[in-house]
Structures are given as structure tokens and as C-alpha cells.
file input.pdb (PDB, C-alpha atoms, pLDDT in the B column)
ATOM      1  CA  GLN A  20     189.253  56.318 139.462  1.00 72.00           C
ATOM      2  CA  LYS A  21     191.486  53.459 140.556  1.00 80.00           C
ATOM      3  CA  GLU A  22     195.205  53.734 139.842  1.00 88.00           C
ATOM      4  CA  VAL A  23     195.131  50.391 138.035  1.00 92.00           C
ATOM      5  CA  GLU A  24     192.104  49.135 136.125  1.00 93.00           C
ATOM      6  CA  GLN A  25     191.670  45.526 135.081  1.00 93.00           C
ATOM      7  CA  ASP A  26     188.626  43.841 133.610  1.00 83.00           C
ATOM      8  CA  PRO A  27     187.646  41.145 136.145  1.00 78.00           C
ATOM      9  CA  GLY A  28     186.083  38.924 133.482  1.00 81.00           C
ATOM     10  CA  PRO A  29     185.352  36.102 133.933  1.00 91.00           C
ATOM     11  CA  LEU A  30     186.997  34.914 130.742  1.00 95.00           C
ATOM     12  CA  SER A  31     186.322  31.425 129.400  1.00 96.00           C
ATOM     13  CA  VAL A  32     188.252  30.032 126.423  1.00 97.00           C
ATOM     14  CA  PRO A  33     188.786  26.628 124.802  1.00 97.00           C
ATOM     15  CA  GLU A  34     192.068  24.806 125.174  1.00 97.00           C
ATOM     16  CA  GLY A  35     194.630  25.990 122.651  1.00 97.00           C
ATOM     17  CA  ALA A  36     193.227  29.518 122.358  1.00 97.00           C
ATOM     18  CA  ILE A  37     195.312  32.661 122.615  1.00 97.00           C
ATOM     19  CA  VAL A  38     194.364  34.652 125.701  1.00 97.00           C
ATOM     20  CA  SER A  39     194.820  38.396 126.039  1.00 96.00           C
ATOM     21  CA  LEU A  40     194.678  40.048 129.467  1.00 97.00           C
ATOM     22  CA  ASN A  41     194.981  43.789 129.907  1.00 96.00           C
ATOM     23  CA  CYS A  42     195.400  46.555 132.451  1.00 96.00           C
ATOM     24  CA  THR A  43     195.479  50.317 132.247  1.00 95.00           C
ATOM     25  CA  TYR A  44     197.059  52.625 134.776  1.00 94.00           C
ATOM     26  CA  SER A  45     196.923  56.323 135.484  1.00 91.00           C
ATOM     27  CA  ASN A  46     200.245  57.265 137.108  1.00 86.00           C
ATOM     28  CA  SER A  47     203.072  57.858 134.655  1.00 85.00           C
ATOM     29  CA  ALA A  48     205.601  57.420 137.514  1.00 84.00           C
ATOM     30  CA  PHE A  49     205.012  53.678 137.476  1.00 84.00           C
ATOM     31  CA  GLN A  50     208.104  51.919 136.141  1.00 84.00           C
ATOM     32  CA  TYR A  51     207.872  48.237 137.093  1.00 88.00           C
ATOM     33  CA  PHE A  52     205.186  45.993 135.693  1.00 92.00           C
ATOM     34  CA  MET A  53     204.310  42.510 136.819  1.00 93.00           C
ATOM     35  CA  TRP A  54     201.817  39.771 136.160  1.00 96.00           C
ATOM     36  CA  TYR A  55     200.936  37.358 138.930  1.00 96.00           C
ATOM     37  CA  ARG A  56     198.911  34.155 138.680  1.00 97.00           C
ATOM     38  CA  GLN A  57     196.784  33.076 141.624  1.00 97.00           C
ATOM     39  CA  TYR A  58     195.250  29.635 141.952  1.00 96.00           C
ATOM     40  CA  SER A  59     192.307  29.102 144.280  1.00 93.00           C
ATOM     41  CA  ARG A  60     193.292  29.261 147.964  1.00 92.00           C
ATOM     42  CA  LYS A  61     196.894  30.065 147.107  1.00 94.00           C
ATOM     43  CA  GLY A  62     199.026  33.191 147.152  1.00 95.00           C
ATOM     44  CA  PRO A  63     199.881  35.088 143.975  1.00 96.00           C
ATOM     45  CA  GLU A  64     202.932  33.746 142.145  1.00 94.00           C
ATOM     46  CA  LEU A  65     205.003  35.850 139.800  1.00 92.00           C
ATOM     47  CA  LEU A  66     204.684  35.121 136.082  1.00 94.00           C
ATOM     48  CA  MET A  67     206.349  38.055 134.378  1.00 93.00           C
ATOM     49  CA  TYR A  68     208.367  41.066 135.544  1.00 90.00           C
ATOM     50  CA  THR A  69     209.276  43.905 133.213  1.00 88.00           C
ATOM     51  CA  TYR A  70     210.791  47.336 133.386  1.00 82.00           C
ATOM     52  CA  SER A  71     210.142  49.889 130.616  1.00 77.00           C
ATOM     53  CA  SER A  72     208.161  49.591 127.425  1.00 82.00           C
ATOM     54  CA  GLY A  73     208.396  46.670 125.068  1.00 86.00           C
ATOM     55  CA  ASN A  74     207.795  42.936 124.995  1.00 90.00           C
ATOM     56  CA  LYS A  75     209.111  40.147 127.171  1.00 92.00           C
ATOM     57  CA  GLU A  76     208.578  36.493 126.325  1.00 95.00           C
ATOM     58  CA  ASP A  77     208.802  33.427 128.546  1.00 94.00           C
ATOM     59  CA  GLY A  78     207.593  30.214 127.012  1.00 96.00           C
ATOM     60  CA  ARG A  79     203.902  30.541 126.197  1.00 97.00           C
ATOM     61  CA  PHE A  80     203.653  33.892 127.997  1.00 97.00           C
ATOM     62  CA  THR A  81     204.369  37.329 126.541  1.00 96.00           C
ATOM     63  CA  ALA A  82     204.144  40.541 128.535  1.00 96.00           C
ATOM     64  CA  GLN A  83     203.774  43.811 126.701  1.00 95.00           C
ATOM     65  CA  VAL A  84     204.140  47.313 128.133  1.00 95.00           C
ATOM     66  CA  ASP A  85     203.152  50.517 126.365  1.00 93.00           C
ATOM     67  CA  LYS A  86     204.091  53.363 128.696  1.00 90.00           C
ATOM     68  CA  SER A  87     202.914  56.038 126.272  1.00 91.00           C
ATOM     69  CA  SER A  88     199.389  54.621 126.457  1.00 92.00           C
ATOM     70  CA  LYS A  89     199.718  53.437 130.081  1.00 93.00           C
ATOM     71  CA  TYR A  90     198.630  50.009 128.982  1.00 94.00           C
ATOM     72  CA  ILE A  91     200.015  46.562 129.806  1.00 95.00           C
ATOM     73  CA  SER A  92     199.064  43.174 128.418  1.00 96.00           C
ATOM     74  CA  LEU A  93     199.717  39.514 129.023  1.00 97.00           C
ATOM     75  CA  PHE A  94     199.296  37.040 126.187  1.00 97.00           C
ATOM     76  CA  ILE A  95     199.039  33.308 126.744  1.00 97.00           C
ATOM     77  CA  ARG A  96     199.570  31.123 123.687  1.00 97.00           C
ATOM     78  CA  ASP A  97     198.266  27.576 123.370  1.00 98.00           C
ATOM     79  CA  SER A  98     196.302  27.946 126.602  1.00 98.00           C
ATOM     80  CA  GLN A  99     195.942  24.867 128.796  1.00 97.00           C
ATOM     81  CA  PRO A 100     193.377  23.887 131.439  1.00 97.00           C
ATOM     82  CA  SER A 101     196.196  24.291 133.985  1.00 97.00           C
ATOM     83  CA  ASP A 102     196.264  28.007 133.099  1.00 97.00           C
ATOM     84  CA  SER A 103     192.838  28.380 134.720  1.00 97.00           C
ATOM     85  CA  ALA A 104     193.421  30.877 137.530  1.00 97.00           C
ATOM     86  CA  THR A 105     193.080  34.530 138.424  1.00 96.00           C
ATOM     87  CA  TYR A 106     195.619  36.788 136.728  1.00 97.00           C
ATOM     88  CA  LEU A 107     196.641  39.985 138.488  1.00 97.00           C
ATOM     89  CA  CYS A 108     198.569  42.852 137.036  1.00 96.00           C
ATOM     90  CA  ALA A 109     200.741  44.741 139.516  1.00 93.00           C
ATOM     91  CA  ILE A 110     202.586  47.984 139.088  1.00 91.00           C
ATOM     92  CA  SER A 111     205.193  49.805 141.144  1.00 86.00           C
ATOM     93  CA  GLY A 112     206.954  53.107 141.055  1.00 79.00           C
ATOM     94  CA  THR A 113     210.121  51.727 142.646  1.00 65.00           C
ATOM     95  CA  SER A 114     212.074  48.531 142.276  1.00 53.00           C
ATOM     96  CA  TYR A 115     210.996  47.024 145.592  1.00 58.00           C
ATOM     97  CA  GLY A 116     208.403  49.445 146.797  1.00 71.00           C
ATOM     98  CA  LYS A 117     204.738  48.841 147.243  1.00 77.00           C
ATOM     99  CA  LEU A 118     202.711  47.249 144.491  1.00 86.00           C
ATOM    100  CA  THR A 119     199.353  48.463 143.248  1.00 90.00           C
ATOM    101  CA  PHE A 120     197.280  45.570 141.951  1.00 93.00           C
ATOM    102  CA  GLY A 121     194.526  45.357 139.404  1.00 94.00           C
ATOM    103  CA  GLN A 122     191.292  43.684 140.403  1.00 93.00           C
ATOM    104  CA  GLY A 123     192.336  40.410 138.743  1.00 94.00           C
ATOM    105  CA  THR A 124     190.857  38.555 135.760  1.00 95.00           C
ATOM    106  CA  ILE A 125     189.383  35.108 136.336  1.00 95.00           C
ATOM    107  CA  LEU A 126     190.380  32.809 133.464  1.00 96.00           C
ATOM    108  CA  THR A 127     188.954  29.378 132.730  1.00 97.00           C
ATOM    109  CA  VAL A 128     190.434  27.231 129.970  1.00 97.00           C
ATOM    110  CA  HIS A 129     188.129  24.340 129.191  1.00 96.00           C
ATOM    111  CA  PRO A 130     189.277  21.113 127.484  1.00 94.00           C
TER     112      PRO A 130
ATOM    113  CA  ASP B 193     212.341  26.149 147.114  1.00 71.00           C
ATOM    114  CA  ALA B 194     212.348  28.991 149.669  1.00 80.00           C
ATOM    115  CA  ARG B 195     208.844  30.082 150.631  1.00 90.00           C
ATOM    116  CA  VAL B 196     207.067  32.676 152.709  1.00 96.00           C
ATOM    117  CA  THR B 197     205.244  30.863 155.511  1.00 97.00           C
ATOM    118  CA  GLN B 198     202.050  32.176 157.058  1.00 98.00           C
ATOM    119  CA  THR B 199     200.207  30.874 160.106  1.00 97.00           C
ATOM    120  CA  PRO B 200     197.472  30.089 160.785  1.00 97.00           C
ATOM    121  CA  ARG B 201     196.099  29.201 157.350  1.00 97.00           C
ATOM    122  CA  HIS B 202     192.525  29.567 158.583  1.00 97.00           C
ATOM    123  CA  LYS B 203     191.031  31.424 161.529  1.00 97.00           C
ATOM    124  CA  VAL B 204     187.386  31.686 162.572  1.00 97.00           C
ATOM    125  CA  THR B 205     186.550  33.746 165.616  1.00 97.00           C
ATOM    126  CA  GLU B 206     183.848  35.942 167.071  1.00 96.00           C
ATOM    127  CA  MET B 207     183.801  39.686 166.754  1.00 96.00           C
ATOM    128  CA  GLY B 208     185.617  41.492 169.511  1.00 96.00           C
ATOM    129  CA  GLN B 209     188.328  38.845 169.813  1.00 97.00           C
ATOM    130  CA  GLU B 210     191.999  39.543 169.213  1.00 97.00           C
ATOM    131  CA  VAL B 211     193.476  37.982 166.093  1.00 98.00           C
ATOM    132  CA  THR B 212     197.205  37.500 165.487  1.00 98.00           C
ATOM    133  CA  MET B 213     198.584  36.450 162.110  1.00 98.00           C
ATOM    134  CA  ARG B 214     202.214  35.483 161.639  1.00 98.00           C
ATOM    135  CA  CYS B 215     204.575  35.528 158.705  1.00 98.00           C
ATOM    136  CA  GLN B 216     208.026  34.051 158.257  1.00 97.00           C
ATOM    137  CA  PRO B 217     209.669  35.788 155.293  1.00 96.00           C
ATOM    138  CA  ILE B 218     212.175  34.066 153.060  1.00 95.00           C
ATOM    139  CA  LEU B 219     215.554  34.011 154.791  1.00 93.00           C
ATOM    140  CA  GLY B 220     217.601  37.026 153.766  1.00 91.00           C
ATOM    141  CA  HIS B 221     214.663  39.057 152.476  1.00 92.00           C
ATOM    142  CA  ASN B 222     214.763  42.487 154.065  1.00 89.00           C
ATOM    143  CA  THR B 223     211.393  43.904 153.026  1.00 91.00           C
ATOM    144  CA  VAL B 224     208.075  42.471 154.205  1.00 94.00           C
ATOM    145  CA  PHE B 225     204.579  43.472 153.054  1.00 94.00           C
ATOM    146  CA  TRP B 226     201.113  42.790 154.465  1.00 96.00           C
ATOM    147  CA  TYR B 227     198.166  42.719 152.033  1.00 96.00           C
ATOM    148  CA  ARG B 228     194.450  42.080 152.429  1.00 97.00           C
ATOM    149  CA  GLN B 229     192.376  40.504 149.663  1.00 96.00           C
ATOM    150  CA  THR B 230     188.594  40.707 149.361  1.00 94.00           C
ATOM    151  CA  MET B 231     186.231  40.129 146.461  1.00 89.00           C
ATOM    152  CA  MET B 232     185.130  43.754 146.482  1.00 87.00           C
ATOM    153  CA  GLN B 233     188.474  45.524 146.907  1.00 88.00           C
ATOM    154  CA  GLY B 234     190.953  43.026 145.523  1.00 90.00           C
ATOM    155  CA  LEU B 235     194.500  43.067 146.927  1.00 93.00           C
ATOM    156  CA  GLU B 236     195.259  46.089 149.081  1.00 92.00           C
ATOM    157  CA  LEU B 237     198.513  46.961 150.796  1.00 92.00           C
ATOM    158  CA  LEU B 238     198.166  47.380 154.545  1.00 94.00           C
ATOM    159  CA  ALA B 239     201.759  47.980 155.687  1.00 93.00           C
ATOM    160  CA  TYR B 240     205.366  47.230 154.929  1.00 91.00           C
ATOM    161  CA  PHE B 241     208.701  47.002 156.683  1.00 90.00           C
ATOM    162  CA  ARG B 242     212.267  47.334 155.513  1.00 89.00           C
ATOM    163  CA  ASN B 243     215.061  45.986 157.703  1.00 89.00           C
ATOM    164  CA  ARG B 244     212.353  45.522 160.386  1.00 90.00           C
ATOM    165  CA  ALA B 245     211.462  49.232 160.447  1.00 90.00           C
ATOM    166  CA  PRO B 246     207.915  50.212 159.473  1.00 88.00           C
ATOM    167  CA  LEU B 247     207.962  52.271 156.273  1.00 87.00           C
ATOM    168  CA  ASP B 248     204.328  52.711 155.408  1.00 86.00           C
ATOM    169  CA  ASP B 249     201.201  51.658 157.269  1.00 86.00           C
ATOM    170  CA  SER B 250     198.799  54.105 155.663  1.00 86.00           C
ATOM    171  CA  GLY B 251     196.590  51.291 154.377  1.00 88.00           C
ATOM    172  CA  MET B 252     195.866  49.999 157.846  1.00 91.00           C
ATOM    173  CA  PRO B 253     192.982  51.044 160.130  1.00 88.00           C
ATOM    174  CA  LYS B 254     195.103  52.455 162.950  1.00 87.00           C
ATOM    175  CA  ASP B 255     192.579  52.089 165.725  1.00 92.00           C
ATOM    176  CA  ARG B 256     192.399  48.306 165.570  1.00 95.00           C
ATOM    177  CA  PHE B 257     195.280  47.006 163.440  1.00 96.00           C
ATOM    178  CA  SER B 258     198.931  46.830 164.377  1.00 95.00           C
ATOM    179  CA  ALA B 259     201.918  45.357 162.553  1.00 95.00           C
ATOM    180  CA  GLU B 260     205.301  44.551 164.006  1.00 94.00           C
ATOM    181  CA  MET B 261     208.485  42.790 163.095  1.00 94.00           C
ATOM    182  CA  PRO B 262     210.086  41.610 166.351  1.00 92.00           C
ATOM    183  CA  ASP B 263     212.956  39.985 164.483  1.00 92.00           C
ATOM    184  CA  ALA B 264     214.104  39.334 160.936  1.00 91.00           C
ATOM    185  CA  THR B 265     212.331  35.975 160.781  1.00 93.00           C
ATOM    186  CA  LEU B 266     208.913  37.010 162.078  1.00 96.00           C
ATOM    187  CA  ALA B 267     206.319  39.604 161.124  1.00 97.00           C
ATOM    188  CA  THR B 268     202.978  39.855 162.908  1.00 97.00           C
ATOM    189  CA  LEU B 269     199.660  41.505 162.108  1.00 97.00           C
ATOM    190  CA  LYS B 270     197.188  41.949 164.961  1.00 97.00           C
ATOM    191  CA  ILE B 271     193.563  42.995 164.958  1.00 97.00           C
ATOM    192  CA  GLN B 272     192.008  44.049 168.265  1.00 97.00           C
ATOM    193  CA  PRO B 273     189.048  44.138 168.500  1.00 96.00           C
ATOM    194  CA  SER B 274     188.102  42.225 165.367  1.00 96.00           C
ATOM    195  CA  GLU B 275     184.962  43.059 163.384  1.00 96.00           C
ATOM    196  CA  PRO B 276     183.026  41.122 160.705  1.00 97.00           C
ATOM    197  CA  ARG B 277     184.252  43.559 158.039  1.00 95.00           C
ATOM    198  CA  ASP B 278     187.811  42.341 158.727  1.00 96.00           C
ATOM    199  CA  SER B 279     186.910  38.988 157.154  1.00 97.00           C
ATOM    200  CA  ALA B 280     189.324  38.548 154.247  1.00 97.00           C
ATOM    201  CA  VAL B 281     192.453  36.703 153.177  1.00 98.00           C
ATOM    202  CA  TYR B 282     195.604  38.306 154.552  1.00 98.00           C
ATOM    203  CA  PHE B 283     198.817  37.813 152.605  1.00 98.00           C
ATOM    204  CA  CYS B 284     202.402  38.407 153.542  1.00 97.00           C
ATOM    205  CA  ALA B 285     205.072  38.943 150.885  1.00 95.00           C
ATOM    206  CA  SER B 286     208.816  39.449 151.061  1.00 94.00           C
ATOM    207  CA  VAL B 287     211.525  40.693 148.734  1.00 90.00           C
ATOM    208  CA  VAL B 288     215.277  41.183 148.773  1.00 85.00           C
ATOM    209  CA  GLY B 289     217.172  44.077 147.273  1.00 73.00           C
ATOM    210  CA  TYR B 290     216.407  45.935 144.092  1.00 67.00           C
ATOM    211  CA  ASN B 291     214.764  44.781 140.885  1.00 67.00           C
ATOM    212  CA  GLN B 292     213.455  41.590 142.462  1.00 76.00           C
ATOM    213  CA  PRO B 293     209.813  40.473 142.607  1.00 82.00           C
ATOM    214  CA  GLN B 294     207.784  40.016 145.752  1.00 89.00           C
ATOM    215  CA  HIS B 295     207.185  36.455 146.921  1.00 92.00           C
ATOM    216  CA  PHE B 296     203.835  35.731 148.543  1.00 95.00           C
ATOM    217  CA  GLY B 297     202.755  33.283 151.203  1.00 96.00           C
ATOM    218  CA  ASP B 298     199.526  31.311 150.835  1.00 96.00           C
ATOM    219  CA  GLY B 299     197.632  33.622 153.161  1.00 97.00           C
ATOM    220  CA  THR B 300     195.543  33.483 156.325  1.00 98.00           C
ATOM    221  CA  ARG B 301     191.833  33.123 155.596  1.00 97.00           C
ATOM    222  CA  LEU B 302     190.101  35.050 158.379  1.00 98.00           C
ATOM    223  CA  SER B 303     186.398  34.878 159.200  1.00 97.00           C
ATOM    224  CA  ILE B 304     184.948  37.082 161.924  1.00 97.00           C
ATOM    225  CA  LEU B 305     181.462  36.019 163.003  1.00 96.00           C
TER     226      LEU B 305
END
call {"tool": "encode", "arguments": {"input": "input.pdb", "output": "C-alpha cells"}}
result
Amino acid sequence: QKEVEQDPGPLSVPEGAIVSLNCTYSNSAFQYFMWYRQYSRKGPELLMYTYSSGNKEDGRFTAQVDKSSKYISLFIRDSQPSDSATYLCAISGTSYGKLTFGQGTILTVHP
Amino acid sequence: DARVTQTPRHKVTEMGQEVTMRCQPILGHNTVFWYRQTMMQGLELLAYFRNRAPLDDSGMPKDRFSAEMPDATLATLKIQPSEPRDSAVYFCASVVGYNQPQHFGDGTRLSIL
């Protein structure tokens, strides 16, 4: 079993839809939770960075962490075609230690 | 905007050849990571350095891969000899201090024929 599981999709939604992306993890020592967005032929760029359980909102993006269930989510409201990318969850046990990534979910938002 | 710079962006070579990939971390970042990304395995950590000292290279095939950081502005990843299974995108990332996210370069796309 992988330490971090993420449904690779692909996920296709119409513009304006609410998108829900999810990851589960197995190691309860993980404390730092991130979502990265990766466009084609580019490196991952950080979207959201959270520590501990709860919600964090930034514009149209909301990250949710449930440490009791070992489950993290990213919600995208009012999705746009420019949101089309691969979304990677990443988890770490230390504040700047190594990251363990999910497989990535390919998202397409069509006009 | 400060960026992690990787060179070359693309590399095609024949199996058995030596490959060297370079990374310039963001100025002031003291921790540098090397990752490999493939369709099958996703993003995997190969090695990382803190203050130029190697901390963990357990993800790297030791017989053919080597990573170094000759100075604070340059990290290198070498493959010798290269094999077709090494074909992947190799990313470098850097970070400074605690509670800060890793910043990624745009990768080196490597094809071994």
C-alpha cells in the first residue's frame, strides 16, 4: 500500500462546477499537507499549505484536512478552463523534510 | 520572482552515456531536493541536501546515480551509465527554513534511447 493514495482521474467538469479532489494517507506522523498544481511541461507550483486539521481558504480554493480519518481534500469553486492541470497532494512529517506525493489527479475544465 | 533554474530542459542521449543535470536553487534556500517523475510512479524523491550536506539519498539507485552540491548555488545529479529506464522528468526543488513550502524548477526531460 502506498503511503499516499490519490485517484488519478481523469476528471472532466464544465466551467463553473465545484471540483473536489481527495487523498488518503496511512502514516499518522504526517503533519504538513500541501496541494500543488502542475501544468503540462512545468514544475509543480504550490496552491495550498496547511498544518493540522481544519479548513483553509484562498480565493476559489479550499483545503480541508481530517487527521482523524487521514483524509485531505481540495475544493475548487467556480472552476475555470485555466484550472485544467494535474493536482498533486503532498504530505510531510516535518516542516521542511521530504514530501510524499500522491499520484496526481488530471483535471480538465471545459468551457 | 525568484525561481529554481534547471538545465538542460531537455536531454536525449543513447544508453551508456553519462548524463549531468544541474539545478540552481533560489538564493538563500538551504535545502535542495531531487525528484523523478514518471507516469507509472509519479513523483519520487531521489535525494536531498541541507546546507550542502547530503541528508538522504535512499531513493537513488546507488550504482549509477550520484548527487552533489559543490556550492550553495549549484546542485548536480549524474547518471553513469544511463539506461532507458532512467527516462523521466527530473525536478529540483528548494526551500528555506521551517514551515515554508518547496519551490520547484520546471524540470529536465530526459530520454535515454
call {"tool": "closest_residue", "arguments": {"input": "input.pdb", "among": "B:Asp263, B:Glu206, B:Asp193, B:Glu236", "to": "chain A", "atoms": "all atoms listed in the file"}}
result
B:Glu236
call {"tool": "atom_distance", "arguments": {"input": "input.pdb", "atom1": "CA of Thr205 in chain B", "atom2": "CA of Leu237 in chain B"}}
result
23.2 Å
call {"tool": "resolve_selection", "arguments": {"input": "input.pdb", "expression": "the PyMOL selection byres ((chain B and resi 194) around 12)", "output": "VMD selection string"}}
result
chain B and resid 193 195 to 197 216 to 221 286 to 287 295 to 297
call {"tool": "closest_atom_pairs", "arguments": {"input": "input.pdb", "of": "chain A", "to": "chain B", "cutoff": "8 Å", "atoms": "all atoms listed in the file", "output": "CSV"}}
result
residue,atom,partner,partner_atom,distance
A:Arg60,CA,B:Asp298,CA,7.2
A:Lys61,CA,B:Asp298,CA,4.7
A:Gly62,CA,B:Asp298,CA,4.2
A:Pro63,CA,B:Phe296,CA,6.1
A:Glu64,CA,B:Phe296,CA,6.8
A:Leu65,CA,B:Pro293,CA,7.2
A:Tyr68,CA,B:Pro293,CA,7.2
A:Ser114,CA,B:Asn291,CA,4.8
A:Tyr115,CA,B:Tyr290,CA,5.7
A:Lys117,CA,B:Leu237,CA,7.4
A:Leu118,CA,B:Leu237,CA,7.6
A:Thr119,CA,B:Glu236,CA,7.5
A:Phe120,CA,B:Leu235,CA,6.2
A:Gly121,CA,B:Gly234,CA,7.5
A:Gln122,CA,B:Gly234,CA,5.2
A:Gly123,CA,B:Gly234,CA,7.4
call {"tool": "atom_distance", "arguments": {"input": "input.pdb", "atom1": "CA of Thr69 in chain A", "atom2": "CA of Gly28 in chain A"}}
result
23.7 Å
call {"tool": "atom_distance", "arguments": {"input": "input.pdb", "atom1": "CA of Cys42 in chain A", "atom2": "CA of Lys89 in chain A"}}
result
8.5 Å
call {"tool": "residues_near_point", "arguments": {"input": "input.pdb", "point": "(200.2, 45.4, 138.7)", "cutoff": "9 Å", "atoms": "only C-alpha atoms", "output": "ChimeraX atom specification"}}
result
/A:23,42,44,51-55,91,107-111,118-121
call {"tool": "resolve_selection", "arguments": {"input": "input.pdb", "expression": "the PyMOL selection byres ((chain B and resi 262) around 12)", "output": "list of chain:residue names"}}
result
B:Arg214, B:Cys215, B:Gln216, B:Phe241, B:Asn243, B:Arg244, B:Ala245, B:Pro246, B:Ala259, B:Glu260, B:Met261, B:Asp263, B:Ala264, B:Thr265, B:Leu266, B:Ala267, B:Thr268, B:Leu269
call {"tool": "resolve_selection", "arguments": {"input": "input.pdb", "expression": "the PyMOL selection byres ((chain A and resi 125) around 6)", "output": "PyMOL selection string"}}
result
chain A and resi 28-29+104-105+124+126
call {"tool": "residues_around", "arguments": {"input": "input.pdb", "residues": "Gly208 in chain B", "least_positions_apart": "6", "cutoff": "9 Å", "atoms": "only C-alpha atoms", "output": "PDB file with C-alpha atoms, in the frame of the given file"}}
result
ATOM      1  CA  GLN B 272     192.008  44.049 168.265  1.00 97.00           C
ATOM      2  CA  PRO B 273     189.048  44.138 168.500  1.00 96.00           C
ATOM      3  CA  SER B 274     188.102  42.225 165.367  1.00 96.00           C
ATOM      4  CA  GLU B 275     184.962  43.059 163.384  1.00 96.00           C
ATOM      5  CA  ILE B 304     184.948  37.082 161.924  1.00 97.00           C
TER       6      ILE B 304
END
call {"tool": "residues_around", "arguments": {"input": "input.pdb", "residues": "Ser303 in chain B", "least_positions_apart": "3", "cutoff": "7 Å", "atoms": "only C-alpha atoms", "output": "number ranges by chain"}}
result
B: 203-205, 279-280
call {"tool": "closest_residue", "arguments": {"input": "input.pdb", "among": "A:Asn74, A:Ser47, A:Ser39, A:Thr127", "to": "Pro100 in chain A", "atoms": "all atoms listed in the file"}}
result
A:Thr127
call {"tool": "closest_residue", "arguments": {"input": "input.pdb", "among": "A:Asn41, A:Gln20, A:Gln99, A:Gln57", "to": "Ala82 in chain A", "atoms": "all atoms listed in the file"}}
result
A:Asn41
call {"tool": "residues_around", "arguments": {"input": "input.pdb", "residues": "Lys270 in chain B", "least_positions_apart": "6", "cutoff": "7 Å", "atoms": "only C-alpha atoms", "output": "ChimeraX atom specification"}}
result
/B:211-213,257-259
call {"tool": "residues_around", "arguments": {"input": "input.pdb", "residues": "Val128 in chain A", "least_positions_apart": "2", "cutoff": "10 Å", "atoms": "all atoms listed in the file", "output": "list in words"}}
result
Leu30, Ser31, Val32, Pro33, Glu34, Gly35, Ala36, Val38, Ser98, Gln99, Pro100, Ser101, Asp102, Ser103, Ala104, Leu126 and Pro130 of chain A
call {"tool": "write_last_selection", "arguments": {"input": "input.pdb", "atoms": "C-alpha atoms", "output": "tab-separated table (two decimals), keeping the file's coordinate frame"}}
result
chain	number	residue	atom	x	y	z
A	30	LEU	CA	187.00	34.91	130.74
A	31	SER	CA	186.32	31.42	129.40
A	32	VAL	CA	188.25	30.03	126.42
A	33	PRO	CA	188.79	26.63	124.80
A	34	GLU	CA	192.07	24.81	125.17
A	35	GLY	CA	194.63	25.99	122.65
A	36	ALA	CA	193.23	29.52	122.36
A	38	VAL	CA	194.36	34.65	125.70
A	98	SER	CA	196.30	27.95	126.60
A	99	GLN	CA	195.94	24.87	128.80
A	100	PRO	CA	193.38	23.89	131.44
A	101	SER	CA	196.20	24.29	133.99
A	102	ASP	CA	196.26	28.01	133.10
A	103	SER	CA	192.84	28.38	134.72
A	104	ALA	CA	193.42	30.88	137.53
A	126	LEU	CA	190.38	32.81	133.46
A	130	PRO	CA	189.28	21.11	127.48
call {"tool": "closest_residue", "arguments": {"input": "input.pdb", "among": "A:Asn46, A:Lys21, A:Ile37, A:Arg56", "to": "Lys86 in chain A", "atoms": "only C-alpha atoms"}}
result
A:Asn46
call {"tool": "axis_aligned_box", "arguments": {"input": "input.pdb", "around": "range 22-35 of chain A", "padding_each_side": "4 Å", "output": "AutoDock Vina command-line options"}}
result
--center_x 190.3 --center_y 39.3 --center_z 131.2 --size_x 17.9 --size_y 36.9 --size_z 25.2
call {"tool": "closest_residue", "arguments": {"input": "input.pdb", "among": "A:Ser92, A:Asp26, A:Asp97, A:Tyr106", "to": "Lys75 in chain A", "atoms": "only C-alpha atoms"}}
result
A:Ser92
call {"tool": "decode", "arguments": {"input": "input.pdb", "residues": "range 83-97 of chain A", "atoms": "N, CA and C atoms", "output": "PDB file, in the first residue's frame"}}
result
ATOM      1  N   GLN A  83      -8.924  21.108   2.969  1.00  0.00           N
ATOM      2  CA  GLN A  83      -9.532  20.539   4.171  1.00  0.00           C
ATOM      3  C   GLN A  83      -8.680  19.362   4.628  1.00  0.00           C
ATOM      4  N   VAL A  84      -8.402  19.295   5.915  1.00  0.00           N
ATOM      5  CA  VAL A  84      -7.612  18.200   6.471  1.00  0.00           C
ATOM      6  C   VAL A  84      -8.396  17.558   7.607  1.00  0.00           C
ATOM      7  N   ASP A  85      -8.539  16.249   7.548  1.00  0.00           N
ATOM      8  CA  ASP A  85      -9.157  15.494   8.629  1.00  0.00           C
ATOM      9  C   ASP A  85      -8.137  14.461   9.091  1.00  0.00           C
ATOM     10  N   LYS A  86      -7.378  14.792  10.132  1.00  0.00           N
ATOM     11  CA  LYS A  86      -6.304  13.907  10.567  1.00  0.00           C
ATOM     12  C   LYS A  86      -6.853  12.641  11.212  1.00  0.00           C
ATOM     13  N   SER A  87      -8.038  12.708  11.782  1.00  0.00           N
ATOM     14  CA  SER A  87      -8.594  11.512  12.421  1.00  0.00           C
ATOM     15  C   SER A  87      -8.923  10.447  11.384  1.00  0.00           C
ATOM     16  N   SER A  88      -9.318  10.897  10.182  1.00  0.00           N
ATOM     17  CA  SER A  88      -9.623   9.965   9.103  1.00  0.00           C
ATOM     18  C   SER A  88      -8.465   9.803   8.129  1.00  0.00           C
ATOM     19  N   LYS A  89      -7.399  10.592   8.316  1.00  0.00           N
ATOM     20  CA  LYS A  89      -6.246  10.578   7.411  1.00  0.00           C
ATOM     21  C   LYS A  89      -6.711  10.869   5.986  1.00  0.00           C
ATOM     22  N   TYR A  90      -7.390  11.984   5.858  1.00  0.00           N
ATOM     23  CA  TYR A  90      -8.049  12.312   4.604  1.00  0.00           C
ATOM     24  C   TYR A  90      -7.878  13.804   4.361  1.00  0.00           C
ATOM     25  N   ILE A  91      -7.426  14.167   3.136  1.00  0.00           N
ATOM     26  CA  ILE A  91      -7.316  15.583   2.804  1.00  0.00           C
ATOM     27  C   ILE A  91      -8.053  15.849   1.494  1.00  0.00           C
ATOM     28  N   SER A  92      -8.571  17.052   1.372  1.00  0.00           N
ATOM     29  CA  SER A  92      -9.349  17.423   0.198  1.00  0.00           C
ATOM     30  C   SER A  92      -8.972  18.814  -0.284  1.00  0.00           C
ATOM     31  N   LEU A  93      -9.172  19.018  -1.565  1.00  0.00           N
ATOM     32  CA  LEU A  93      -9.063  20.348  -2.158  1.00  0.00           C
ATOM     33  C   LEU A  93     -10.342  20.595  -2.932  1.00  0.00           C
ATOM     34  N   PHE A  94     -10.994  21.723  -2.638  1.00  0.00           N
ATOM     35  CA  PHE A  94     -12.197  22.106  -3.353  1.00  0.00           C
ATOM     36  C   PHE A  94     -11.897  23.338  -4.206  1.00  0.00           C
ATOM     37  N   ILE A  95     -12.368  23.300  -5.428  1.00  0.00           N
ATOM     38  CA  ILE A  95     -12.229  24.441  -6.329  1.00  0.00           C
ATOM     39  C   ILE A  95     -13.634  24.907  -6.681  1.00  0.00           C
ATOM     40  N   ARG A  96     -13.935  26.137  -6.310  1.00  0.00           N
ATOM     41  CA  ARG A  96     -15.259  26.703  -6.643  1.00  0.00           C
ATOM     42  C   ARG A  96     -15.182  27.455  -7.957  1.00  0.00           C
ATOM     43  N   ASP A  97     -16.331  27.517  -8.655  1.00  0.00           N
ATOM     44  CA  ASP A  97     -16.400  28.271  -9.903  1.00  0.00           C
ATOM     45  C   ASP A  97     -15.207  27.932 -10.800  1.00  0.00           C
TER      46      ASP A  97
END
